[in-house]
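These notes are about the structure you will find just below.
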Amino acid sequence: MSPRGMKFVKGMGIGLAVGCMMGAVGSHCMRNGKRGLRKNVGRALKDMSDLVDQVGELF
């Protein structure tokens with residue numbers, strides 16, 4: 001695959017991961033109300049940054 005195609009696949013993977021993470025955080029927050037929202041969002045952002053770092057290391 002060409003380098004341009006690999007960049008597209010990498011971007012698409014990161015976009016899918018971000019979308020899934022935001023959907024999970026949103027649904028979790030709606031169930032629990034606003035209590036503990038800061039803690040959950042902070043944890044999700046840390047997990048997301050770890051995921052993006054790992055995807056970056058794959059390519």
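The chains in the structure tokens are called A, B, ... from first to last as shown; in each chain the residues are counted from 1, and the ligands are counted from 1 in the order shown.
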12 Å contact set for segment 1-18 of chain A, only C-alpha atoms, chain neighbours under 6 positions out, as a ChimeraX atom specification: /A:24-25,44-45,47-59
Keeping N, CA and C atoms, export the residues of the selection given above as a short mmCIF file (atom, residue, chain, number, x, y, z; two decimals), in the first residue's frame.
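Dumped to again_6.cif:
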data_model
loop_
_atom_site.label_atom_id
_atom_site.label_comp_id
_atom_site.auth_asym_id
_atom_site.auth_seq_id
_atom_site.Cartn_x
_atom_site.Cartn_y
_atom_site.Cartn_z
N ALA A 24 -19.21 5.90 23.99
CA ALA A 24 -19.21 5.17 25.27
C ALA A 24 -19.26 6.13 26.44
N VAL A 25 -18.49 7.20 26.38
CA VAL A 25 -18.50 8.19 27.46
C VAL A 25 -19.86 8.86 27.55
N ALA A 44 -11.44 8.74 30.53
CA ALA A 44 -11.64 8.46 29.11
C ALA A 44 -10.61 9.19 28.26
N LEU A 45 -10.29 10.42 28.60
CA LEU A 45 -9.28 11.16 27.84
C LEU A 45 -7.91 10.52 27.98
N ASP A 47 -7.32 7.32 28.57
CA ASP A 47 -7.37 6.09 27.78
C ASP A 47 -7.27 6.39 26.29
N MET A 48 -7.94 7.46 25.86
CA MET A 48 -7.92 7.82 24.44
C MET A 48 -6.52 8.22 24.01
N SER A 49 -5.81 8.98 24.85
CA SER A 49 -4.45 9.38 24.48
C SER A 49 -3.53 8.16 24.41
N ASP A 50 -3.73 7.21 25.30
CA ASP A 50 -2.94 5.98 25.24
C ASP A 50 -3.23 5.20 23.96
N LEU A 51 -4.50 5.15 23.58
CA LEU A 51 -4.89 4.44 22.37
C LEU A 51 -4.28 5.09 21.13
N VAL A 52 -4.33 6.41 21.06
CA VAL A 52 -3.76 7.12 19.90
C VAL A 52 -2.25 6.89 19.83
N ASP A 53 -1.58 6.89 20.97
CA ASP A 53 -0.14 6.62 20.99
C ASP A 53 0.16 5.22 20.47
N GLN A 54 -0.65 4.24 20.87
CA GLN A 54 -0.42 2.87 20.43
C GLN A 54 -0.69 2.71 18.94
N VAL A 55 -1.72 3.37 18.44
CA VAL A 55 -2.01 3.29 17.00
C VAL A 55 -0.87 3.93 16.22
N GLY A 56 -0.34 5.03 16.73
CA GLY A 56 0.77 5.70 16.08
C GLY A 56 2.02 4.83 16.02
N GLU A 57 2.22 4.02 17.05
CA GLU A 57 3.39 3.14 17.08
C GLU A 57 3.26 1.97 16.10
N LEU A 58 2.03 1.60 15.74
CA LEU A 58 1.83 0.49 14.81
C LEU A 58 2.37 0.83 13.42
N PHE A 59 2.26 2.10 13.04
CA PHE A 59 2.68 2.49 11.70
C PHE A 59 3.97 3.20 11.82
#
